[in-house]
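Everything below concerns the one structure shown next.
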Amino acid sequence: MRATVGTDETLVVSFAPAWPLETERLVLRPFEQSDTDALCAIHSDEPNARYLYNEARTREQVEQLLERKIAGSSLRAEGEWLSAAAVLPATGELVCDVSLHWESEAHKQGEIGFIAHPAHHGHGYATEAARPLLAFAFEELGLHRVVGRLEARNIASARVLEKLGMRREALFVENEWVKGEWQSELVYAMLAREWR
Ligand SMILES: CC(C)(COP(=O)(O)OP(=O)(O)OC[C@H]1O[C@@H](n2cnc3c(N)ncnc32)[C@H](O)[C@@H]1OP(=O)(O)O)[C@@H](O)C(=O)NCCC(=O)NCCS
């Protein structure tokens, strides 16, 4: 946590992990301008976008997304997303874009999200990259419950949430009209006491 004085002399409190965060094989750091190409490879990939609400993004859309991700290196209020770039320390390659949504301050709820570089799927990177953000959510931000939401056919995403130790809480059947079809939604969750 850090406190700074805003432009109107009010105290602004923001919450950020102690960047960079290290895991066994990855380093998590805030996004930076030089991530444009790699972020483009992740977000303009058609199969990657298959079960997301958005279509594969254009380069211009990725550039706008990157601006938001760079601004998301810390959290100041509910509704904001914290964004982390998970890179391989030896090469600096971006392998996963992982994020934490601060959904509610009153209810202490959050949501975890991840999207991996298509050239680096299946190595356990999304799971490894999500763990430090769950640690931050529960141990520093003080959240009570963190969820993961996904389209019910997104087996890889469900598997990541299971490997993180999250419980399958709900299946909403055909609750959303997305990309020209009725889609179903799975919700996984973890409570702070389960994290501990
Ligand atoms: C979901 C995603 C982030 C997983 O990234 P990843 O780094 O490959 O994840 P991991 O390697 O940690 O785990 C993936 C698991 O899914 C499994 N998996 C992947 N595709 C699968 C399939 N079609 N059927 C069954 N299992 C599958 C893998 O075997 C692995 O499980 P395992 O460790 O038990 O073998 C990646 O597939 C992705 O970017 N998808 C597109 C974006 C997306 O849907 N994000 C989630 C939005 S809710």
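Residue numbering restarts at 1 for every chain of the structure tokens, chains are lettered A, B, ... in their displayed order, and ligands are numbered from 1 as they appear.
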
Within-10 Å residues of ligand 1, basis only C-alpha atoms and all ligand atoms, as a PyMOL selection string: chain A and resi 42-43+45-53+95-98+112-130+148-164+185-187

Residue set, range 3-196 of chain A restricted to alpha helix (DSSP H), as a PyMOL selection string: chain A and resi 36-43+46-49+59-71+125-135+155-163+192-195

Which residues are near Glu174 in chain A? Cut-off 8 Å, only C-alpha atoms, ignore same chain within fewer than 4 positions. Put them as an mmCIF file with all heavy atoms, in the first residue's frame.
```cif
data_model
loop_
_atom_site.group_PDB
_atom_site.id
_atom_site.type_symbol
_atom_site.label_atom_id
_atom_site.label_comp_id
_atom_site.auth_asym_id
_atom_site.auth_seq_id
_atom_site.Cartn_x
_atom_site.Cartn_y
_atom_site.Cartn_z
ATOM 1 N N TRP A 182 -26.426 -18.623 -27.441
ATOM 2 C CA TRP A 182 -26.587 -18.664 -25.987
ATOM 3 C C TRP A 182 -25.368 -19.348 -25.396
ATOM 4 O O TRP A 182 -24.987 -20.427 -25.838
ATOM 5 C CB TRP A 182 -27.862 -19.430 -25.602
ATOM 6 C CG TRP A 182 -29.104 -18.653 -25.892
ATOM 7 C CD1 TRP A 182 -30.045 -18.929 -26.834
ATOM 8 C CD2 TRP A 182 -29.524 -17.453 -25.241
ATOM 9 N NE1 TRP A 182 -31.022 -17.978 -26.824
ATOM 10 C CE2 TRP A 182 -30.734 -17.057 -25.842
ATOM 11 C CE3 TRP A 182 -29.008 -16.666 -24.201
ATOM 12 C CZ2 TRP A 182 -31.422 -15.916 -25.458
ATOM 13 C CZ3 TRP A 182 -29.686 -15.533 -23.807
ATOM 14 C CH2 TRP A 182 -30.888 -15.175 -24.436
ATOM 15 N N GLN A 183 -24.769 -18.685 -24.419
ATOM 16 C CA GLN A 183 -23.602 -19.276 -23.760
ATOM 17 C C GLN A 183 -23.898 -19.501 -22.283
ATOM 18 O O GLN A 183 -24.695 -18.789 -21.677
ATOM 19 C CB GLN A 183 -22.382 -18.358 -23.911
ATOM 20 C CG GLN A 183 -21.914 -18.248 -25.357
ATOM 21 C CD GLN A 183 -20.497 -17.706 -25.480
ATOM 22 O OE1 GLN A 183 -19.910 -17.222 -24.524
ATOM 23 N NE2 GLN A 183 -19.950 -17.793 -26.685
ATOM 24 N N SER A 184 -23.244 -20.490 -21.726
ATOM 25 C CA SER A 184 -23.397 -20.811 -20.303
ATOM 26 C C SER A 184 -22.156 -20.352 -19.553
ATOM 27 O O SER A 184 -21.066 -20.286 -20.122
ATOM 28 C CB SER A 184 -23.602 -22.309 -20.116
ATOM 29 O OG SER A 184 -24.753 -22.720 -20.821
ATOM 30 N N GLU A 185 -22.333 -20.055 -18.274
ATOM 31 C CA GLU A 185 -21.230 -19.491 -17.491
ATOM 32 C C GLU A 185 -20.949 -20.337 -16.252
ATOM 33 O O GLU A 185 -21.864 -20.684 -15.496
ATOM 34 C CB GLU A 185 -21.611 -18.061 -17.060
ATOM 35 C CG GLU A 185 -20.509 -17.329 -16.323
ATOM 36 C CD GLU A 185 -20.950 -15.940 -15.864
ATOM 37 O OE1 GLU A 185 -22.165 -15.733 -15.660
ATOM 38 O OE2 GLU A 185 -20.080 -15.080 -15.704
#
```

What are the nearest atom pairs, with distances in Å to one decimal, for all residues of range 55-104 of chain A that come at most 10 Å from range 137-146 of chain A, using only C-alpha atoms, set out by chain and rising residue number as a Markdown table?
```
| residue | atom | partner | partner_atom | distance |
| --- | --- | --- | --- | --- |
| A:Leu75 | CA | A:Leu141 | CA | 9.3 |
| A:Leu100 | CA | A:Ala137 | CA | 7.8 |
| A:His101 | CA | A:Val146 | CA | 9.0 |
| A:Trp102 | CA | A:Ala137 | CA | 8.5 |
| A:Glu103 | CA | A:Val146 | CA | 9.1 |
| A:Ser104 | CA | A:Leu143 | CA | 8.9 |
```

Near-Ala189 in chain A list (6 Å; only C-alpha atoms; drop same-chain fewer than 2 positions) as an MDAnalysis selection string: chainID A and resid 146:147 166:167

Go ahead and write the selection's residues with C-alpha atoms as a tab-separated table (two decimals), in the first residue's frame.
```tsv
chain	number	residue	atom	x	y	z
A	146	VAL	CA	-12.22	-14.11	-5.31
A	147	VAL	CA	-14.04	-15.64	-8.27
A	166	MET	CA	-10.86	-22.78	-6.42
A	167	ARG	CA	-14.26	-24.43	-5.94
```

Which of range 76-174 of chain A DSSP labels strand (DSSP E), written as an MDAnalysis selection string: chainID A and resid 81:87 94:104 109:116 145:151 167:174

10 Å contact set for Cys40 in chain A, only C-alpha atoms, chain neighbours under 6 positions out, as an MDAnalysis selection string: chainID A and resid 56:63 65:66 117

Write to file, as a compact mmCIF listing (two decimals), in the first residue's frame, the residues of the selection just made, with all heavy atoms.
```
# COMPACT_ATOMS: atom_id res chain seq x y z
N ALA A 56 -11.23 -11.21 -31.36
CA ALA A 56 -9.79 -10.95 -31.41
C ALA A 56 -9.60 -9.45 -31.68
O ALA A 56 -10.34 -8.86 -32.49
CB ALA A 56 -9.16 -11.79 -32.50
N ARG A 57 -8.66 -8.83 -30.99
CA ARG A 57 -8.51 -7.37 -31.08
C ARG A 57 -7.57 -6.95 -32.20
O ARG A 57 -6.62 -7.67 -32.53
CB ARG A 57 -7.97 -6.81 -29.75
CG ARG A 57 -8.90 -7.05 -28.58
CD ARG A 57 -8.28 -6.51 -27.31
NE ARG A 57 -8.88 -7.08 -26.12
CZ ARG A 57 -9.79 -6.47 -25.35
NH1 ARG A 57 -10.19 -5.26 -25.64
NH2 ARG A 57 -10.28 -7.07 -24.28
N THR A 58 -7.82 -5.78 -32.75
CA THR A 58 -6.91 -5.20 -33.73
C THR A 58 -5.72 -4.60 -32.97
O THR A 58 -5.78 -4.41 -31.75
CB THR A 58 -7.59 -4.07 -34.51
OG1 THR A 58 -7.92 -3.03 -33.56
CG2 THR A 58 -8.86 -4.54 -35.21
N ARG A 59 -4.66 -4.24 -33.73
CA ARG A 59 -3.49 -3.65 -33.07
C ARG A 59 -3.87 -2.34 -32.37
O ARG A 59 -3.43 -2.08 -31.26
CB ARG A 59 -2.39 -3.40 -34.12
CG ARG A 59 -1.10 -2.97 -33.45
CD ARG A 59 0.06 -2.86 -34.42
NE ARG A 59 1.26 -2.49 -33.70
CZ ARG A 59 2.10 -3.32 -33.14
NH1 ARG A 59 1.91 -4.62 -33.22
NH2 ARG A 59 3.17 -2.90 -32.48
N GLU A 60 -4.73 -1.57 -33.01
CA GLU A 60 -5.14 -0.31 -32.40
C GLU A 60 -5.89 -0.55 -31.08
O GLU A 60 -5.67 0.14 -30.08
CB GLU A 60 -6.05 0.44 -33.39
CG GLU A 60 -6.24 1.89 -33.04
CD GLU A 60 -7.25 2.56 -33.98
OE1 GLU A 60 -7.54 2.00 -35.05
OE2 GLU A 60 -7.73 3.64 -33.61
N GLN A 61 -6.74 -1.56 -31.07
CA GLN A 61 -7.46 -1.90 -29.83
C GLN A 61 -6.50 -2.38 -28.75
O GLN A 61 -6.67 -2.08 -27.57
CB GLN A 61 -8.52 -2.97 -30.11
CG GLN A 61 -9.70 -2.45 -30.92
CD GLN A 61 -10.60 -3.57 -31.41
OE1 GLN A 61 -10.19 -4.71 -31.59
NE2 GLN A 61 -11.86 -3.24 -31.66
N VAL A 62 -5.47 -3.14 -29.19
CA VAL A 62 -4.49 -3.62 -28.21
C VAL A 62 -3.69 -2.46 -27.64
O VAL A 62 -3.38 -2.42 -26.44
CB VAL A 62 -3.55 -4.68 -28.85
CG1 VAL A 62 -2.42 -5.05 -27.90
CG2 VAL A 62 -4.35 -5.93 -29.22
N GLU A 63 -3.39 -1.48 -28.48
CA GLU A 63 -2.65 -0.30 -27.99
C GLU A 63 -3.46 0.43 -26.91
O GLU A 63 -2.92 0.87 -25.90
CB GLU A 63 -2.31 0.63 -29.15
CG GLU A 63 -1.16 0.09 -29.99
CD GLU A 63 -0.97 0.81 -31.34
OE1 GLU A 63 -1.76 1.73 -31.65
OE2 GLU A 63 -0.05 0.41 -32.06
N LEU A 65 -5.79 -1.00 -25.06
CA LEU A 65 -5.82 -1.91 -23.92
C LEU A 65 -4.54 -1.78 -23.10
O LEU A 65 -4.57 -1.76 -21.86
CB LEU A 65 -5.98 -3.35 -24.44
CG LEU A 65 -6.05 -4.47 -23.41
CD1 LEU A 65 -7.34 -4.40 -22.61
CD2 LEU A 65 -5.95 -5.84 -24.10
N LEU A 66 -3.42 -1.68 -23.82
CA LEU A 66 -2.12 -1.57 -23.13
C LEU A 66 -2.07 -0.31 -22.26
O LEU A 66 -1.53 -0.34 -21.15
CB LEU A 66 -0.97 -1.60 -24.14
CG LEU A 66 0.44 -1.50 -23.56
CD1 LEU A 66 0.71 -2.61 -22.54
CD2 LEU A 66 1.49 -1.54 -24.66
N HIS A 117 -0.04 -16.27 -23.84
CA HIS A 117 0.51 -16.16 -25.20
C HIS A 117 0.31 -17.50 -25.90
O HIS A 117 0.65 -18.55 -25.33
CB HIS A 117 2.00 -15.82 -25.11
CG HIS A 117 2.59 -15.39 -26.41
ND1 HIS A 117 2.68 -16.23 -27.49
CD2 HIS A 117 3.12 -14.20 -26.80
CE1 HIS A 117 3.24 -15.58 -28.51
NE2 HIS A 117 3.51 -14.35 -28.11
```

Show me, as a PDB file with C-alpha atoms, in the first residue's frame, the residues that have an atom within 8 Å of range 27-33 of chain A when counting only C-alpha atoms, minus same-chain residues fewer than 4 positions from it.
```
ATOM      1  CA  TRP A  19       6.722  -5.399  -7.920  1.00  0.00           C
ATOM      2  CA  PRO A  20       8.393  -7.389  -9.336  1.00  0.00           C
ATOM      3  CA  LEU A  21       6.852 -10.610  -8.029  1.00  0.00           C
ATOM      4  CA  GLU A  22       8.887 -13.772  -8.538  1.00  0.00           C
ATOM      5  CA  THR A  23       7.579 -17.300  -8.868  1.00  0.00           C
ATOM      6  CA  LEU A  66      -2.120  -1.568 -23.128  1.00  0.00           C
ATOM      7  CA  LYS A  69      -2.952  -2.109 -18.408  1.00  0.00           C
ATOM      8  CA  ILE A  70      -0.043   0.263 -17.810  1.00  0.00           C
ATOM      9  CA  GLY A  72      -3.373  -0.798 -13.845  1.00  0.00           C
ATOM     10  CA  SER A  73      -0.120  -1.275 -11.952  1.00  0.00           C
ATOM     11  CA  SER A  83      -2.694  -5.904 -14.423  1.00  0.00           C
ATOM     12  CA  ALA A  84       0.497  -7.925 -14.432  1.00  0.00           C
ATOM     13  CA  ALA A  85       2.771  -9.058 -17.234  1.00  0.00           C
ATOM     14  CA  ALA A  86       4.198 -12.511 -16.520  1.00  0.00           C
ATOM     15  CA  VAL A  87       7.535 -12.890 -18.287  1.00  0.00           C
ATOM     16  CA  LEU A  88      10.249 -15.518 -18.565  1.00  0.00           C
ATOM     17  CA  PRO A  89      13.226 -14.048 -16.696  1.00  0.00           C
ATOM     18  CA  ALA A 129       1.092 -16.331 -12.785  1.00  0.00           C
TER      19      ALA A 129
END
```

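In this structure, CA of Ala192 in chain A sits 20.8 Å away from CA of Arg76 in chain A.
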
Closest of A:Pro132, A:Trp195, A:Phe172, A:Trp177 to Ala18 in chain A - atom-to-atom distances counting only C-alpha atoms: A:Pro132

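Of the residues under consideration (A:Asp37, A:Glu78, A:Glu105, A:Glu111), A:Asp37 shows the shortest atom-to-atom contact distance to Glu93 in chain A when counting only C-alpha atoms.
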
Among the residues A:Ala106, A:Lys179, A:Ala16, A:Leu133, the one that comes closest to Glu55 in chain A [using only C-alpha atoms]: A:Lys179
